[in-house]
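Engineer: The structure follows.
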Amino acid sequence: MNGDRTPVRAAVFLGPGAGFRVEDLLLDRPGPGEVRVRMLASGVCRSDLHVLDGDWERPAPVAMGHEGAAIVEELGPGVGARPGDPAAGDLVVLAWTAPCRVCPACLRGEGFLCADPRGSGQRLAASEVRLRRPDGTPVGAYSGIGTMATRQVVAAEAAIPIDPALPAAEAALLGCAVTTGVGAATRTAEVRAGETVVVIGLGGVGLSAVMGARLAGAARIVAVDRVAAKLELARGIGATDTVLAGDGAATRAALLRLLPGGADHALEAIGLAATAELALDVVRPGGTVTLVGMTPQGVRAGVDIYDFVERGIRLLGCNYGSAIPAETFPELARHAAAGRLPVARLIEERIGLDDVAAAFEALRRGDGARRVVVFDPPA
Ligand SMILES: NC(=O)c1ccc[n+]([C@@H]2O[C@H](COP(=O)([O-])OP(=O)(O)OC[C@H]3O[C@@H](n4cnc5c(N)ncnc54)[C@H](O)[C@@H]3O)[C@@H](O)[C@H]2O)c1
Ligand SMILES: [Zn+2]
Ligand SMILES: [Zn+2]
């Protein structure tokens, strides 16, 4: 402790093209409605890479990371009064959108579209910043949680207690990849038992979509990636068929050979216009396309409108697996504990905070599933 401030190490995004650096910072005590957490684990998601590459407009400096599990250390004023509030010592999964519960989207049950999420945004306003450099420069927290940090202060609504039996590295993945991918299949697309599903892109999100389709009882799950090792991983968690992606026409033909007439569902989990278009081409008349992967801002895809309308295709956007974190995280943790979601299979490697740069390079190559930063216990 340094007065009222706690020392923290964090991977700090320095601006588009400027990269990031692991820095020593100081963390304020939690304000009203906030909690201080000690991070146990943080996944490395492609969305962090989008930020690093300047694909999305984001401010700097911010502590990166939005997929984390932590232990609650200190409650700010007022926390503990409401049902569901975290308590000191709880294992929590951090939500990158913490619904306010009162805006029109929240009242519709669509908290993932909350207009005023608590603790989201980059929190760079002076009153909201809890992290500072030793010289006093404010440092924000990506999505309000900045999980690539040894400690953080987050909104209480963003810290969701789950079954403490789940290993921390697996719990971290519930914070983004698993919730998004499983939810894309089960909550956004609403895959039904017996249906056929194509999943395009097998990173943490796409592999989770394969698990979600399996959980929903899909009869055929066709997994597509350009990296052969990903296809093996997908088979291990429930894909019934795989296609090694080549050029678009060859991939389309291979998919339609496997599912003549097209699939009930196609989920895109990369974030490319070409594969979003491919997804539209491989569903049956009346089928559903769910776009999960995110492109750089402003990218558009082409739709053959005549064909789209005549075939009665449904096109859905999936934000955070249509999750309500306070309900969805504990439910997914129960599925994981019961062996219905093999979350551990998503973990390629446990790494340290200083290995994050190498993890981003591996993501670029499509090498391996999820890499997870595991933080050392306090000395
Ligand atoms: N909608 C949401 O709420 C949400 C949440 C989290 C992540 N995302 C987005 O989902 C996407 C996937 O995230 P991730 O962390 O799983 O990424 P990832 O990089 O781990 O996975 C992408 C996969 O796509 C494969 N791939 C790349 N180009 C391909 C091609 N042309 N054909 C076939 N396969 C190809 C790669 O080999 C890799 O396996 C990203 O765009 C991310 O920003 C969206
Ligand atoms: Zn809201
Ligand atoms: Zn993510």
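Letters A, B, ... go to the chains of the structure tokens in the order shown; residues in each chain start at 1; ligands are counted from 1 in the same order.
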Using only C-alpha atoms and all ligand atoms, what table do you get, as JSON lines, when you list each residue of chain A with an atom no more than 7 Å from ligand 1, its nearest pair of atoms, and their distance in Å rounded to one decimal, rows by chain then rising number?

Structural biologist:
{"residue": "A:Cys45", "atom": "CA", "partner": "ligand 1", "partner_atom_place_in_ligand_line": "15 (O)", "distance": 4.0}
{"residue": "A:Arg46", "atom": "CA", "partner": "ligand 1", "partner_atom_place_in_ligand_line": "15 (O)", "distance": 3.8}
{"residue": "A:Ser47", "atom": "CA", "partner": "ligand 1", "partner_atom_place_in_ligand_line": "43 (O)", "distance": 3.7}
{"residue": "A:His50", "atom": "CA", "partner": "ligand 1", "partner_atom_place_in_ligand_line": "43 (O)", "distance": 6.4}
{"residue": "A:Cys176", "atom": "CA", "partner": "ligand 1", "partner_atom_place_in_ligand_line": "6 (C)", "distance": 5.7}
{"residue": "A:Ala177", "atom": "CA", "partner": "ligand 1", "partner_atom_place_in_ligand_line": "6 (C)", "distance": 5.7}
{"residue": "A:Thr180", "atom": "CA", "partner": "ligand 1", "partner_atom_place_in_ligand_line": "5 (C)", "distance": 5.4}
{"residue": "A:Ile200", "atom": "CA", "partner": "ligand 1", "partner_atom_place_in_ligand_line": "33 (C)", "distance": 6.2}
{"residue": "A:Gly201", "atom": "CA", "partner": "ligand 1", "partner_atom_place_in_ligand_line": "24 (O)", "distance": 3.7}
{"residue": "A:Leu202", "atom": "CA", "partner": "ligand 1", "partner_atom_place_in_ligand_line": "39 (O)", "distance": 4.1}
{"residue": "A:Gly203", "atom": "CA", "partner": "ligand 1", "partner_atom_place_in_ligand_line": "21 (O)", "distance": 3.2}
{"residue": "A:Gly204", "atom": "CA", "partner": "ligand 1", "partner_atom_place_in_ligand_line": "16 (O)", "distance": 3.9}
{"residue": "A:Val205", "atom": "CA", "partner": "ligand 1", "partner_atom_place_in_ligand_line": "16 (O)", "distance": 3.8}
{"residue": "A:Gly206", "atom": "CA", "partner": "ligand 1", "partner_atom_place_in_ligand_line": "16 (O)", "distance": 5.6}
{"residue": "A:Val224", "atom": "CA", "partner": "ligand 1", "partner_atom_place_in_ligand_line": "33 (C)", "distance": 6.0}
{"residue": "A:Asp225", "atom": "CA", "partner": "ligand 1", "partner_atom_place_in_ligand_line": "34 (N)", "distance": 3.6}
{"residue": "A:Arg226", "atom": "CA", "partner": "ligand 1", "partner_atom_place_in_ligand_line": "33 (C)", "distance": 4.4}
{"residue": "A:Val227", "atom": "CA", "partner": "ligand 1", "partner_atom_place_in_ligand_line": "37 (O)", "distance": 5.2}
{"residue": "A:Lys230", "atom": "CA", "partner": "ligand 1", "partner_atom_place_in_ligand_line": "39 (O)", "distance": 6.2}
{"residue": "A:Ala245", "atom": "CA", "partner": "ligand 1", "partner_atom_place_in_ligand_line": "33 (C)", "distance": 5.2}
{"residue": "A:Ala269", "atom": "CA", "partner": "ligand 1", "partner_atom_place_in_ligand_line": "12 (C)", "distance": 4.9}
{"residue": "A:Ile270", "atom": "CA", "partner": "ligand 1", "partner_atom_place_in_ligand_line": "11 (C)", "distance": 4.4}
{"residue": "A:Gly271", "atom": "CA", "partner": "ligand 1", "partner_atom_place_in_ligand_line": "41 (O)", "distance": 4.2}
{"residue": "A:Thr275", "atom": "CA", "partner": "ligand 1", "partner_atom_place_in_ligand_line": "31 (N)", "distance": 6.6}
{"residue": "A:Val292", "atom": "CA", "partner": "ligand 1", "partner_atom_place_in_ligand_line": "1 (N)", "distance": 4.2}
{"residue": "A:Gly293", "atom": "CA", "partner": "ligand 1", "partner_atom_place_in_ligand_line": "10 (O)", "distance": 3.5}
{"residue": "A:Met294", "atom": "CA", "partner": "ligand 1", "partner_atom_place_in_ligand_line": "41 (O)", "distance": 3.8}
{"residue": "A:Thr295", "atom": "CA", "partner": "ligand 1", "partner_atom_place_in_ligand_line": "41 (O)", "distance": 5.8}
{"residue": "A:Cys318", "atom": "CA", "partner": "ligand 1", "partner_atom_place_in_ligand_line": "1 (N)", "distance": 5.0}
{"residue": "A:Asn319", "atom": "CA", "partner": "ligand 1", "partner_atom_place_in_ligand_line": "3 (O)", "distance": 3.8}
{"residue": "A:Tyr320", "atom": "CA", "partner": "ligand 1", "partner_atom_place_in_ligand_line": "3 (O)", "distance": 3.6}
{"residue": "A:Gly321", "atom": "CA", "partner": "ligand 1", "partner_atom_place_in_ligand_line": "3 (O)", "distance": 6.1}
{"residue": "A:Leu363", "atom": "CA", "partner": "ligand 1", "partner_atom_place_in_ligand_line": "19 (O)", "distance": 5.0}
{"residue": "A:Arg364", "atom": "CA", "partner": "ligand 1", "partner_atom_place_in_ligand_line": "19 (O)", "distance": 6.4}
{"residue": "A:Arg365", "atom": "CA", "partner": "ligand 1", "partner_atom_place_in_ligand_line": "37 (O)", "distance": 6.9}
{"residue": "A:Gly366", "atom": "CA", "partner": "ligand 1", "partner_atom_place_in_ligand_line": "37 (O)", "distance": 3.9}
{"residue": "A:Ala369", "atom": "CA", "partner": "ligand 1", "partner_atom_place_in_ligand_line": "20 (O)", "distance": 6.2}
{"residue": "A:Arg370", "atom": "CA", "partner": "ligand 1", "partner_atom_place_in_ligand_line": "20 (O)", "distance": 6.7}

Engineer: Write out as a VMD selection string the residues lying within 12 Å of A:Gly19, counting only C-alpha atoms and excluding same-chain residues fewer than 6 positions away.

Structural biologist: chain A and resid 11 to 13 48 to 54 60 to 64 356 to 357 360

Engineer: How far is it from atom CA of A:Ile160 to atom CA of A:Arg9, in Å with one decimal?

Structural biologist: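 Interatomic distance, atom CA of A:Ile160 to atom CA of A:Arg9: 23.0 Å.
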
Engineer: Could you please determine the separation between atom CA of A:Ala234 and atom CA of A:Leu341 in Å, to one decimal place?

Structural biologist: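 The value is 12.8 Å.
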
Engineer: Please give the complete set of residues from stretch 219-376 of chain A that DSSP, run on the backbone, assigns to helix (DSSP H, G or I), formatted as a VMD selection string.

Structural biologist: chain A and resid 228 to 236 248 to 258 273 to 281 305 to 310 320 to 322 325 to 337 343 to 346 353 to 365

Engineer: Contacts between ligand 2 and chain A, please, where a residue of chain A counts if it comes within 9 Å (with only C-alpha atoms and all ligand atoms); show its shortest atom pair and distance in Å to one decimal, rows by chain and ascending number, as a Markdown table.

Structural biologist:
| residue | atom | partner | partner_atom_place_in_ligand_line | distance |
| --- | --- | --- | --- | --- |
| A:Ala98 | CA | ligand 2 | 1 (Zn) | 8.2 |
| A:Pro99 | CA | ligand 2 | 1 (Zn) | 4.7 |
| A:Cys100 | CA | ligand 2 | 1 (Zn) | 3.9 |
| A:Arg101 | CA | ligand 2 | 1 (Zn) | 4.8 |
| A:Val102 | CA | ligand 2 | 1 (Zn) | 5.3 |
| A:Cys103 | CA | ligand 2 | 1 (Zn) | 4.1 |
| A:Pro104 | CA | ligand 2 | 1 (Zn) | 6.6 |
| A:Ala105 | CA | ligand 2 | 1 (Zn) | 5.7 |
| A:Cys106 | CA | ligand 2 | 1 (Zn) | 4.4 |
| A:Leu107 | CA | ligand 2 | 1 (Zn) | 7.4 |
| A:Glu110 | CA | ligand 2 | 1 (Zn) | 8.2 |
| A:Gly111 | CA | ligand 2 | 1 (Zn) | 5.8 |
| A:Phe112 | CA | ligand 2 | 1 (Zn) | 8.2 |
| A:Leu113 | CA | ligand 2 | 1 (Zn) | 7.2 |
| A:Cys114 | CA | ligand 2 | 1 (Zn) | 3.6 |
| A:Ala115 | CA | ligand 2 | 1 (Zn) | 5.2 |
| A:Asp116 | CA | ligand 2 | 1 (Zn) | 5.3 |
| A:Pro117 | CA | ligand 2 | 1 (Zn) | 5.7 |
| A:Arg118 | CA | ligand 2 | 1 (Zn) | 8.3 |

Engineer: Give me the residues within 9 Å of A:Ala276 as a ChimeraX atom specification, counting only C-alpha atoms and dropping any in the same chain fewer than 2 places off.

Structural biologist: /A:200,267-274,278-281,289-291,293,301-302

Engineer: Residues within 12 Å of A:Ala158, please, as a VMD selection string. Count only C-alpha atoms; anything in the same chain fewer than 5 positions from it doesn't count.

Structural biologist: chain A and resid 33 to 37 66 to 70 72 84 to 86 92 to 100 117 to 120 143 to 147 152 to 153 175 324 to 326 329

Engineer: Identify, with DSSP run on backbone atoms, the residues in stretch 92-261 of chain A assigned to strand (DSSP E or B), and express the list as a ChimeraX atom specification.

Structural biologist: /A:92-94,131-132,138-141,149,151-155,159-161,196-200,220-225,241-244

Engineer: Extract, using only C-alpha atoms, all DNA, RNA and protein residues at most 10 Å from A:Val222, discarding same-chain residues fewer than 4 positions from it, and format them as a VMD selection string.

Structural biologist: chain A and resid 196 to 200 210 231 234 to 235 238 to 243 255 258 to 259 263 266

Engineer: Using only C-alpha atoms and all ligand atoms, find the one residue out of A:Pro32, A:Val178, A:Asp135, A:Ala41 that sits nearest to ligand 3.

Structural biologist: A:Val178

Engineer: Please compute the atom CA of A:Ala189-atom CA of A:Val282 distance, one decimal, in Å.

Structural biologist: 15.3 Å

Engineer: Neighbouring residues of A:Ala87 were defined as those with any atom within 9 Å, considering only C-alpha atoms; residues of the same chain fewer than 5 positions away were excluded. Please report them as a ChimeraX atom specification.

Structural biologist: /A:72-75,79-80,161

Engineer: Out of A:Arg132, A:Arg21, A:Met39, A:Ser208, which residue has the shortest atom-to-atom distance to ligand 3 when counting only C-alpha atoms and all ligand atoms?

Structural biologist: A:Ser208

Engineer: Select, from A:Pro296, A:Leu315, A:Leu174, A:Pro378, the residue with the minimum atom-to-atom distance to ligand 3, counting only C-alpha atoms and all ligand atoms.

Structural biologist: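 That would be A:Leu174, the residue with the smallest distance to ligand 3.
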
Engineer: Env of A:Gly261: 9 Å cut, atoms = only C-alpha atoms, seq-sep filter 3 positions within chain, self excluded. Answer as a VMD selection string.

Structural biologist: chain A and resid 256 to 257 282 to 285

Engineer: Let me make sure I understand: among A:Gly317, A:Gly136, A:Pro59, A:Gly76, which one has the smallest atom-to-atom distance to A:Ala88 if we use only C-alpha atoms?

Structural biologist: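 Of the candidates, the smallest distance to A:Ala88 is held by A:Gly76.
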